[in-house]
$ cat entry03.cif   # mmCIF, C-alpha atoms
data_upload
#
loop_
_atom_site.label_atom_id
_atom_site.label_comp_id
_atom_site.auth_asym_id
_atom_site.auth_seq_id
_atom_site.Cartn_x
_atom_site.Cartn_y
_atom_site.Cartn_z
CA MET A 1 47.03 -10.42 -12.76
CA THR A 2 43.64 -8.63 -12.75
CA SER A 3 43.33 -5.48 -10.63
CA VAL A 4 40.06 -5.48 -8.64
CA LEU A 5 38.56 -2.71 -6.53
CA ALA A 6 36.27 -3.83 -3.69
CA ALA A 7 34.26 -0.63 -3.27
CA GLY A 8 32.20 -1.64 -0.25
CA ASP A 9 30.40 0.23 2.49
CA HIS A 10 29.20 -0.39 6.03
CA PHE A 11 26.77 -3.11 4.90
CA VAL A 12 28.56 -5.05 2.17
CA ALA A 13 32.04 -4.30 3.47
CA PRO A 14 35.11 -4.41 1.21
CA GLU A 15 36.38 -7.52 3.01
CA VAL A 16 33.07 -9.29 2.28
CA PHE A 17 33.59 -8.65 -1.43
CA VAL A 18 37.21 -9.79 -1.23
CA GLU A 19 36.28 -13.03 0.52
CA ALA A 20 33.55 -13.79 -2.04
CA LEU A 21 35.82 -12.97 -4.98
CA ARG A 22 38.61 -15.16 -3.65
CA ASN A 23 36.17 -18.04 -3.18
CA ARG A 24 34.96 -17.68 -6.75
CA ALA A 25 38.24 -16.79 -8.44
CA GLY A 26 39.36 -20.33 -9.27
CA ASP A 27 42.63 -20.13 -11.18
CA HIS A 28 42.39 -16.38 -11.75
CA SER A 29 45.05 -14.22 -10.15
CA LEU A 30 43.49 -11.14 -8.56
CA GLU A 31 45.12 -8.10 -7.01
CA PHE A 32 42.79 -6.29 -4.62
CA SER A 33 42.43 -2.74 -3.45
CA GLU A 34 39.66 -1.57 -1.14
CA LEU A 35 37.44 1.48 -0.74
CA LYS A 36 34.88 1.93 2.05
CA LEU A 37 31.97 4.24 1.28
CA PRO A 38 29.88 5.92 4.03
CA TRP A 39 26.47 4.31 3.35
CA PRO A 40 24.35 3.53 5.40
CA VAL A 41 25.93 5.63 8.15
CA GLU A 42 25.24 8.50 5.74
CA PRO A 43 22.12 8.27 3.52
CA PHE A 44 22.60 7.60 -0.18
CA GLY A 45 21.47 10.16 -2.72
CA PRO A 46 22.20 11.58 -6.17
CA VAL A 47 25.89 11.91 -7.04
CA GLY A 48 26.72 13.61 -10.32
CA ASN A 49 24.25 12.23 -12.84
CA VAL A 50 23.41 8.95 -11.05
CA GLN A 51 20.90 8.16 -8.32
CA GLU A 52 21.15 6.35 -4.98
CA ALA A 53 24.94 6.45 -4.70
CA SER A 54 27.42 6.97 -1.87
CA GLY A 55 30.75 8.75 -1.72
CA THR A 56 32.12 11.24 -4.23
CA GLU A 57 33.30 11.07 -7.81
CA GLN A 58 36.77 12.24 -6.83
CA GLN A 59 37.05 9.62 -4.11
CA LEU A 60 36.13 6.88 -6.57
CA LEU A 61 38.40 8.19 -9.33
CA GLU A 62 41.40 8.12 -7.00
CA ALA A 63 40.66 4.48 -6.14
CA LEU A 64 40.14 3.47 -9.80
CA ALA A 65 43.65 4.15 -11.08
CA GLY A 66 44.71 1.04 -13.00
CA ILE A 67 41.57 -0.91 -11.95
CA GLU A 68 39.94 -3.31 -14.43
CA VAL A 69 37.13 -4.84 -12.33
CA VAL A 70 34.98 -3.32 -9.58
CA ALA A 71 32.63 -4.97 -7.12
CA THR A 72 30.37 -2.45 -5.38
CA GLN A 73 26.95 -1.58 -4.09
CA MET A 74 26.85 2.20 -3.99
CA ALA A 75 29.92 3.64 -5.77
CA PRO A 76 28.92 6.52 -8.12
CA PHE A 77 29.84 5.47 -11.66
CA THR A 78 28.87 8.72 -13.31
CA ALA A 79 29.59 9.69 -16.90
CA ASP A 80 32.62 11.66 -15.70
CA VAL A 81 34.01 8.76 -13.66
CA LEU A 82 33.60 6.33 -16.56
CA ALA A 83 35.20 8.73 -19.04
CA LYS A 84 38.25 9.05 -16.79
CA SER A 85 38.73 5.31 -16.10
CA PRO A 86 40.27 3.91 -19.31
CA ASP A 87 41.37 0.58 -17.75
CA LEU A 88 37.91 -0.31 -16.45
CA LYS A 89 36.23 -3.32 -18.07
CA PHE A 90 33.61 -4.60 -15.61
CA VAL A 91 31.44 -3.17 -12.82
CA GLY A 92 29.47 -5.62 -10.67
CA VAL A 93 26.72 -3.94 -8.63
CA CYS A 94 25.23 -6.05 -5.86
CA ARG A 95 21.74 -4.52 -6.09
CA GLY A 96 18.55 -5.38 -7.89
CA GLY A 97 19.35 -2.67 -10.44
CA PRO A 98 22.51 -0.60 -11.07
CA VAL A 99 20.94 2.80 -10.38
CA ASN A 100 24.35 4.11 -9.28
CA VAL A 101 25.79 3.58 -12.78
CA ASP A 102 25.29 5.70 -15.90
CA LEU A 103 24.52 2.79 -18.22
CA LYS A 104 24.71 4.86 -21.40
CA ALA A 105 28.18 6.10 -20.49
CA ALA A 106 29.27 2.60 -19.43
CA THR A 107 28.13 1.16 -22.74
CA GLU A 108 29.91 3.88 -24.70
CA ALA A 109 33.08 3.12 -22.70
CA GLY A 110 32.73 -0.63 -23.34
CA VAL A 111 32.27 -1.42 -19.65
CA VAL A 112 30.08 -4.39 -18.75
CA VAL A 113 27.68 -3.66 -15.87
CA SER A 114 26.10 -6.54 -13.96
CA TYR A 115 23.65 -6.55 -11.07
CA ALA A 116 22.33 -8.97 -8.43
CA PRO A 117 18.62 -9.79 -8.72
CA GLY A 118 17.00 -11.50 -5.75
CA ARG A 119 19.86 -10.85 -3.36
CA ASN A 120 17.53 -9.49 -0.67
CA ALA A 121 14.28 -11.20 -1.64
CA ALA A 122 13.99 -13.32 1.51
CA ALA A 123 14.91 -10.43 3.80
CA ALA A 124 12.54 -7.96 2.15
CA ALA A 125 9.67 -10.46 2.08
CA GLU A 126 10.06 -11.30 5.77
CA PHE A 127 10.19 -7.61 6.65
CA ALA A 128 7.04 -6.87 4.64
CA VAL A 129 5.14 -9.62 6.46
CA GLY A 130 6.45 -8.24 9.74
CA LEU A 131 5.11 -4.79 8.87
CA ILE A 132 1.74 -6.26 7.92
CA LEU A 133 1.43 -8.07 11.26
CA ALA A 134 2.66 -5.05 13.21
CA ALA A 135 0.09 -2.81 11.54
CA LEU A 136 -2.81 -5.23 11.85
CA ARG A 137 -2.23 -5.86 15.56
CA ARG A 138 -0.93 -2.44 16.74
CA ILE A 139 2.30 -3.99 17.98
CA PRO A 140 4.68 -0.96 17.87
CA GLY A 141 2.08 1.46 19.23
CA SER A 142 1.07 -0.85 22.06
CA ASP A 143 4.72 -1.33 23.01
CA ALA A 144 5.33 2.43 23.08
CA GLU A 145 2.16 3.08 25.11
CA LEU A 146 3.01 0.45 27.73
CA LYS A 147 6.56 1.74 28.11
CA SER A 148 5.16 5.24 28.67
CA GLY A 149 2.88 3.94 31.43
CA ASN A 150 -0.38 3.48 29.49
CA TRP A 151 -2.12 0.09 29.69
CA ARG A 152 -4.27 0.18 26.54
CA GLY A 153 -6.92 -2.32 27.52
CA ASP A 154 -9.30 -0.43 25.23
CA TYR A 155 -7.45 -1.99 22.27
CA TYR A 156 -9.31 -5.17 23.21
CA ALA A 157 -12.65 -3.42 22.67
CA TYR A 158 -14.35 -4.70 19.53
CA GLU A 159 -14.21 -1.39 17.67
CA ASN A 160 -10.44 -1.10 18.32
CA ALA A 161 -9.43 -4.73 17.87
CA GLY A 162 -7.22 -5.78 14.99
CA ILE A 163 -7.94 -8.33 12.28
CA GLU A 164 -6.34 -11.66 11.49
CA LEU A 165 -4.50 -12.64 8.36
CA GLU A 166 -6.36 -15.91 8.32
CA GLY A 167 -9.36 -15.45 6.05
CA SER A 168 -8.37 -11.92 5.03
CA THR A 169 -7.83 -10.80 1.45
CA VAL A 170 -4.36 -9.37 0.89
CA GLY A 171 -3.39 -7.58 -2.31
CA LEU A 172 0.20 -7.59 -3.57
CA VAL A 173 1.09 -4.86 -6.06
CA GLY A 174 4.00 -6.45 -7.90
CA TYR A 175 4.77 -10.16 -8.05
CA GLY A 176 8.49 -10.56 -8.55
CA ALA A 177 10.89 -12.52 -6.36
CA ILE A 178 9.85 -10.68 -3.18
CA GLY A 179 6.12 -10.74 -3.90
CA ARG A 180 6.20 -14.49 -4.52
CA ILE A 181 7.78 -15.18 -1.13
CA VAL A 182 5.28 -12.88 0.59
CA ALA A 183 2.43 -14.72 -1.14
CA ARG A 184 3.71 -18.10 0.09
CA VAL A 185 3.94 -16.84 3.66
CA LEU A 186 0.48 -15.27 3.51
CA ALA A 187 -0.96 -18.51 2.16
CA ALA A 188 0.47 -20.31 5.21
CA PHE A 189 -1.43 -17.84 7.40
CA GLY A 190 -4.61 -18.66 5.50
CA SER A 191 -4.94 -15.40 3.56
CA TYR A 192 -6.53 -15.11 0.13
CA VAL A 193 -3.95 -13.39 -2.08
CA LEU A 194 -4.66 -11.06 -5.00
CA VAL A 195 -1.86 -9.97 -7.33
CA ALA A 196 -1.66 -6.98 -9.69
CA ASP A 197 1.31 -7.19 -12.06
CA PRO A 198 1.12 -6.64 -15.85
CA PHE A 199 4.10 -8.95 -16.42
CA VAL A 200 2.56 -12.02 -14.77
CA LYS A 201 0.58 -14.61 -16.71
CA ALA A 202 -2.75 -15.78 -15.34
CA GLU A 203 -1.72 -19.44 -15.56
CA ASP A 204 1.41 -18.77 -13.51
CA ALA A 205 -0.61 -16.95 -10.86
CA ALA A 206 -3.14 -19.78 -10.76
CA ARG A 207 -0.33 -22.32 -10.34
CA ASP A 208 0.90 -20.36 -7.32
CA GLY A 209 -2.58 -20.23 -5.80
CA VAL A 210 -3.03 -16.46 -6.18
CA GLU A 211 -5.57 -14.52 -8.23
CA LEU A 212 -4.29 -12.14 -10.91
CA VAL A 213 -6.44 -8.99 -11.10
CA GLY A 214 -6.23 -5.38 -12.22
CA LEU A 215 -4.94 -2.77 -9.78
CA ASP A 216 -8.31 -1.09 -9.20
CA ASP A 217 -9.97 -4.45 -8.52
CA LEU A 218 -7.21 -5.35 -6.09
CA LEU A 219 -7.64 -2.09 -4.18
CA ARG A 220 -11.41 -2.50 -3.93
CA ARG A 221 -11.19 -6.04 -2.57
CA SER A 222 -8.15 -6.03 -0.26
CA SER A 223 -8.20 -5.37 3.47
CA VAL A 224 -4.39 -5.29 3.32
CA VAL A 225 -2.30 -3.95 0.40
CA SER A 226 1.48 -4.41 0.19
CA LEU A 227 3.70 -2.87 -2.51
CA HIS A 228 6.39 -4.95 -4.23
CA ALA A 229 6.75 -3.36 -7.69
CA ARG A 230 9.89 -1.85 -9.19
CA LEU A 231 10.04 1.92 -9.47
CA THR A 232 10.08 3.09 -13.10
CA PRO A 233 8.77 6.24 -14.79
CA GLU A 234 5.57 4.25 -15.46
CA THR A 235 5.09 3.15 -11.84
CA LYS A 236 5.81 6.48 -10.15
CA HIS A 237 2.83 7.27 -7.88
CA LEU A 238 1.20 4.03 -8.97
CA LEU A 239 -0.93 4.42 -5.88
CA ASN A 240 -2.36 7.91 -5.61
CA ALA A 241 -5.29 9.90 -4.25
CA GLU A 242 -7.63 8.70 -6.99
CA ASN A 243 -7.14 4.95 -6.67
CA LEU A 244 -6.45 4.90 -2.91
CA ALA A 245 -10.05 6.10 -2.53
CA LEU A 246 -11.08 2.65 -3.79
CA LEU A 247 -9.78 0.93 -0.66
CA PRO A 248 -12.37 -0.50 1.73
CA GLU A 249 -12.84 1.41 4.96
CA GLY A 250 -10.07 0.66 7.46
CA ALA A 251 -7.67 -0.99 5.00
CA VAL A 252 -4.00 -1.41 5.89
CA LEU A 253 -1.34 -0.19 3.44
CA VAL A 254 2.31 -1.32 3.52
CA ASN A 255 5.18 0.05 1.42
CA SER A 256 8.58 -1.57 1.83
CA ALA A 257 9.48 -1.39 -1.89
CA ARG A 258 10.23 2.14 -3.13
CA GLY A 259 8.96 5.49 -1.90
CA GLY A 260 8.16 6.74 -5.38
CA LEU A 261 5.52 4.05 -5.95
CA LEU A 262 3.22 5.82 -3.50
CA ASP A 263 1.92 9.37 -3.48
CA TYR A 264 2.34 10.24 0.20
CA ALA A 265 0.44 13.55 0.03
CA PRO A 266 -3.10 12.14 0.48
CA LEU A 267 -2.16 9.64 3.20
CA PRO A 268 -2.56 11.86 6.31
CA GLY A 269 -6.12 12.70 5.27
CA LEU A 270 -6.94 9.07 4.48
CA LEU A 271 -5.67 8.01 7.91
CA LYS A 272 -7.57 10.70 9.76
CA SER A 273 -10.79 9.88 7.91
CA GLY A 274 -10.44 6.15 8.65
CA ARG A 275 -10.30 5.15 4.98
CA LEU A 276 -6.84 3.87 5.89
CA GLY A 277 -6.90 1.98 9.17
CA ALA A 278 -3.11 1.81 9.38
CA LEU A 279 -0.01 2.56 7.33
CA ALA A 280 3.39 0.89 7.59
CA VAL A 281 6.27 2.27 5.53
CA ASP A 282 9.98 1.52 5.25
CA VAL A 283 10.60 3.79 2.23
CA TYR A 284 9.79 7.43 1.59
CA ASP A 285 9.40 10.08 -1.08
CA ILE A 286 12.29 11.90 0.62
CA GLU A 287 14.87 9.87 2.56
CA PRO A 288 15.22 10.50 5.38
CA PRO A 289 11.86 12.28 5.74
CA PRO A 290 12.03 15.75 7.32
CA ARG A 291 11.11 16.18 10.99
CA GLU A 292 7.97 18.08 9.97
CA TRP A 293 6.79 15.21 7.73
CA PRO A 294 2.98 15.19 8.21
CA LEU A 295 2.70 11.42 8.57
CA PHE A 296 4.65 11.54 11.82
CA ASP A 297 1.55 13.15 13.37
CA ALA A 298 -1.04 10.99 11.63
CA PRO A 299 -2.73 8.14 13.52
CA ASN A 300 -1.72 4.47 13.22
CA VAL A 301 1.51 4.93 11.27
CA ILE A 302 4.53 2.63 11.58
CA THR A 303 7.84 3.92 10.19
CA THR A 304 11.20 2.20 9.80
CA PRO A 305 14.37 3.63 8.16
CA HIS A 306 14.62 1.61 4.90
CA LEU A 307 15.64 -1.62 6.64
CA ALA A 308 13.78 -4.30 4.66
CA GLY A 309 16.90 -5.72 3.03
CA ALA A 310 19.15 -5.36 6.06
CA THR A 311 20.23 -8.90 6.96
CA ARG A 312 23.72 -10.36 7.17
CA GLN A 313 22.66 -13.09 4.75
CA THR A 314 21.73 -10.44 2.19
CA ALA A 315 25.19 -8.87 2.39
CA HIS A 316 26.96 -12.18 1.79
CA ARG A 317 24.49 -13.31 -0.88
CA ALA A 318 24.87 -10.02 -2.77
CA ALA A 319 28.67 -10.21 -2.71
CA ASP A 320 28.58 -13.84 -3.84
CA ILE A 321 26.33 -13.06 -6.82
CA VAL A 322 28.68 -10.29 -7.96
CA ALA A 323 31.72 -12.51 -7.40
CA GLY A 324 30.13 -15.18 -9.58
CA GLU A 325 29.57 -12.63 -12.34
CA VAL A 326 33.20 -11.49 -12.11
CA ALA A 327 34.42 -15.11 -12.29
CA ARG A 328 32.36 -15.75 -15.43
CA PHE A 329 33.63 -12.60 -17.09
CA LEU A 330 37.27 -13.40 -16.33
CA SER A 331 36.75 -16.95 -17.65
CA GLY A 332 35.55 -15.56 -20.98
CA GLU A 333 31.87 -16.28 -20.32
CA GLN A 334 28.98 -13.85 -20.54
CA PRO A 335 27.73 -12.87 -17.08
CA ARG A 336 24.14 -13.87 -16.34
CA PHE A 337 22.78 -10.52 -15.15
CA VAL A 338 23.98 -7.80 -17.51
CA ALA A 339 22.30 -4.39 -17.46
CA ASN A 340 23.82 -3.28 -20.80
CA PRO A 341 23.92 -6.49 -22.89
CA GLU A 342 24.65 -4.57 -26.11
CA VAL A 343 28.23 -4.10 -24.91
CA LEU A 344 28.84 -7.86 -24.88
CA ASP A 345 28.92 -8.01 -28.70
CA ARG A 346 31.93 -5.71 -28.67
CA ILE A 347 34.03 -7.98 -26.45
CA GLU A 348 36.00 -10.39 -28.57
CA GLY A 349 35.92 -14.07 -27.59
CA LEU A 350 33.23 -13.80 -24.90
CA ARG A 351 31.27 -17.06 -24.82
CA PRO A 352 27.50 -17.19 -24.23
#
$ encode --input "entry03.cif" --output "structure tokens"
Amino acid sequence: MTSVLAAGDHFVAPEVFVEALRNRAGDHSLEFSELKLPWPVEPFGPVGNVQEASGTEQQLLEALAGIEVVATQMAPFTADVLAKSPDLKFVGVCRGGPVNVDLKAATEAGVVVSYAPGRNAAAAAEFAVGLILAALRRIPGSDAELKSGNWRGDYYAYENAGIELEGSTVGLVGYGAIGRIVARVLAAFGSYVLVADPFVKAEDAARDGVELVGLDDLLRRSSVVSLHARLTPETKHLLNAENLALLPEGAVLVNSARGGLLDYAPLPGLLKSGRLGALAVDVYDIEPPPREWPLFDAPNVITTPHLAGATRQTAHRAADIVAGEVARFLSGEQPRFVANPEVLDRIEGLRP
């Protein structure tokens, strides 16, 4: 009997993990316990020495007594938690990266950590396209104006009218699973798609019908720019005051990836000057942004509260990916998506 903790939250609930694990368990005998963390009712944040986690170390430690396997999204696996959980062997995190786990401490403790790439790719891509369309055609602002009693017929005036995706050049900064879906959708609209991503080969981009370019070239040529890169120390403030000045007058900028990719400080000025025609953001440098955040008063800004991945399909897909990783591990197979692969060599009898 393997003891499993389903450390869910209000998105991927514990019962969703349990259902997925039971479906994938095969002949394995599992004994479940459940923990429900407060995200997203309460924002995630740093907990101990890990980022983007929910709940407390003490809460998790109490739930981990005797537990060998954990399926979670936001539980804070800090160095202290890992050091005090001697029975733990496997942590499956249903996110694109296990930022809520201290990987160094997990490796030292011999705990395998897996993650769930692509679990929200369709949801995030659809949301990004929705933000692009909303920004180009003033949809949220027009709705708010009409509901307040203002019929904005002047939006039909030539100088105020939006632009179409058909025939427009759209630049995608990052071309992973989400960026590829966005590119396919944009191609269906008739857009010409530029891609800036140092990990993409030119022949692969050409096969997909997109043009691979450098970041500065992309910014100079794109009437719409959408961010889809991962946040790393190297990509922090990838877009900043210096290179945002390269955008053509009236360009639209969309960020539904990570707040840290974009330096938000110069954006109010760029919007007021018209260099940026519109901005649509789902992620922020501080989440949630403070009430006095200057972009709330800037023109032509669309804001949403980090919702790009929020679909029911994403929740079930994420749980299923983690459940598949757990099933492989319990069957003596190496999981497919391991964040600390060096620990696998220390597990006797684990098959590739």
$ resolve_selection --input "entry03.cif" --expression "the PyMOL selection byres ((chain A and resi 245) around 10)" --output "list in words"
Asp216, Leu219, Arg220, Leu239, Asn240, Ala241, Glu242, Asn243, Leu244, Leu246, Leu247, Pro248, Glu249, Pro266, Leu270, Arg275 and Leu276 of chain A
$ closest_residue --input "entry03.cif" --among "A:Arg22, A:Asp282, A:Gly277, A:Leu344" --to "Gly260 in chain A" --atoms "all atoms listed in the file"
A:Asp282
$ resolve_selection --input "entry03.cif" --expression "the PyMOL selection byres ((chain A and resi 313) around 12)" --output "list of chain:residue names"
A:Phe11, A:Val12, A:Val16, A:Arg119, A:Asn120, A:Ala121, A:Ala122, A:Ala123, A:Ala124, A:Gly309, A:Ala310, A:Thr311, A:Arg312, A:Thr314, A:Ala315, A:His316, A:Arg317, A:Ala318, A:Ala319, A:Asp320
$ write_last_selection --input "entry03.cif" --atoms "C-alpha atoms" --output "tab-separated table (two decimals), in the coordinates of the input"
chain	number	residue	atom	x	y	z
A	11	PHE	CA	26.77	-3.11	4.90
A	12	VAL	CA	28.56	-5.05	2.17
A	16	VAL	CA	33.07	-9.29	2.28
A	119	ARG	CA	19.86	-10.85	-3.36
A	120	ASN	CA	17.53	-9.49	-0.67
A	121	ALA	CA	14.28	-11.20	-1.64
A	122	ALA	CA	13.99	-13.32	1.51
A	123	ALA	CA	14.91	-10.43	3.80
A	124	ALA	CA	12.54	-7.96	2.15
A	309	GLY	CA	16.90	-5.72	3.03
A	310	ALA	CA	19.15	-5.36	6.06
A	311	THR	CA	20.23	-8.90	6.96
A	312	ARG	CA	23.72	-10.36	7.17
A	314	THR	CA	21.73	-10.44	2.19
A	315	ALA	CA	25.19	-8.87	2.39
A	316	HIS	CA	26.96	-12.18	1.79
A	317	ARG	CA	24.49	-13.31	-0.88
A	318	ALA	CA	24.87	-10.02	-2.77
A	319	ALA	CA	28.67	-10.21	-2.71
A	320	ASP	CA	28.58	-13.84	-3.84
$ atom_distance --input "entry03.cif" --atom1 "CA of Glu126 in chain A" --atom2 "CA of Ala202 in chain A"
25.1 Å
$ closest_residue --input "entry03.cif" --among "A:Leu261, A:Ala13, A:Ile139, A:Ala339" --to "Val99 in chain A" --atoms "all atoms listed in the file"
A:Ala339
$ resolve_selection --input "entry03.cif" --expression "the PyMOL selection byres ((chain A and resi 56-70) around 7)" --output "PDB file with C-alpha atoms, keeping the file's coordinate frame"
ATOM      1  CA  THR A   2      43.640  -8.630 -12.750  1.00  0.00           C
ATOM      2  CA  SER A   3      43.330  -5.480 -10.630  1.00  0.00           C
ATOM      3  CA  VAL A   4      40.060  -5.480  -8.640  1.00  0.00           C
ATOM      4  CA  LEU A   5      38.560  -2.710  -6.530  1.00  0.00           C
ATOM      5  CA  ALA A   6      36.270  -3.830  -3.690  1.00  0.00           C
ATOM      6  CA  ALA A   7      34.260  -0.630  -3.270  1.00  0.00           C
ATOM      7  CA  LEU A  35      37.440   1.480  -0.740  1.00  0.00           C
ATOM      8  CA  VAL A  47      25.890  11.910  -7.040  1.00  0.00           C
ATOM      9  CA  SER A  54      27.420   6.970  -1.870  1.00  0.00           C
ATOM     10  CA  GLY A  55      30.750   8.750  -1.720  1.00  0.00           C
ATOM     11  CA  ALA A  71      32.630  -4.970  -7.120  1.00  0.00           C
ATOM     12  CA  THR A  72      30.370  -2.450  -5.380  1.00  0.00           C
ATOM     13  CA  PRO A  76      28.920   6.520  -8.120  1.00  0.00           C
ATOM     14  CA  VAL A  81      34.010   8.760 -13.660  1.00  0.00           C
ATOM     15  CA  SER A  85      38.730   5.310 -16.100  1.00  0.00           C
ATOM     16  CA  ASP A  87      41.370   0.580 -17.750  1.00  0.00           C
ATOM     17  CA  LEU A  88      37.910  -0.310 -16.450  1.00  0.00           C
ATOM     18  CA  LYS A  89      36.230  -3.320 -18.070  1.00  0.00           C
ATOM     19  CA  PHE A  90      33.610  -4.600 -15.610  1.00  0.00           C
ATOM     20  CA  VAL A  91      31.440  -3.170 -12.820  1.00  0.00           C
ATOM     21  CA  GLY A  92      29.470  -5.620 -10.670  1.00  0.00           C
TER      22      GLY A  92
END
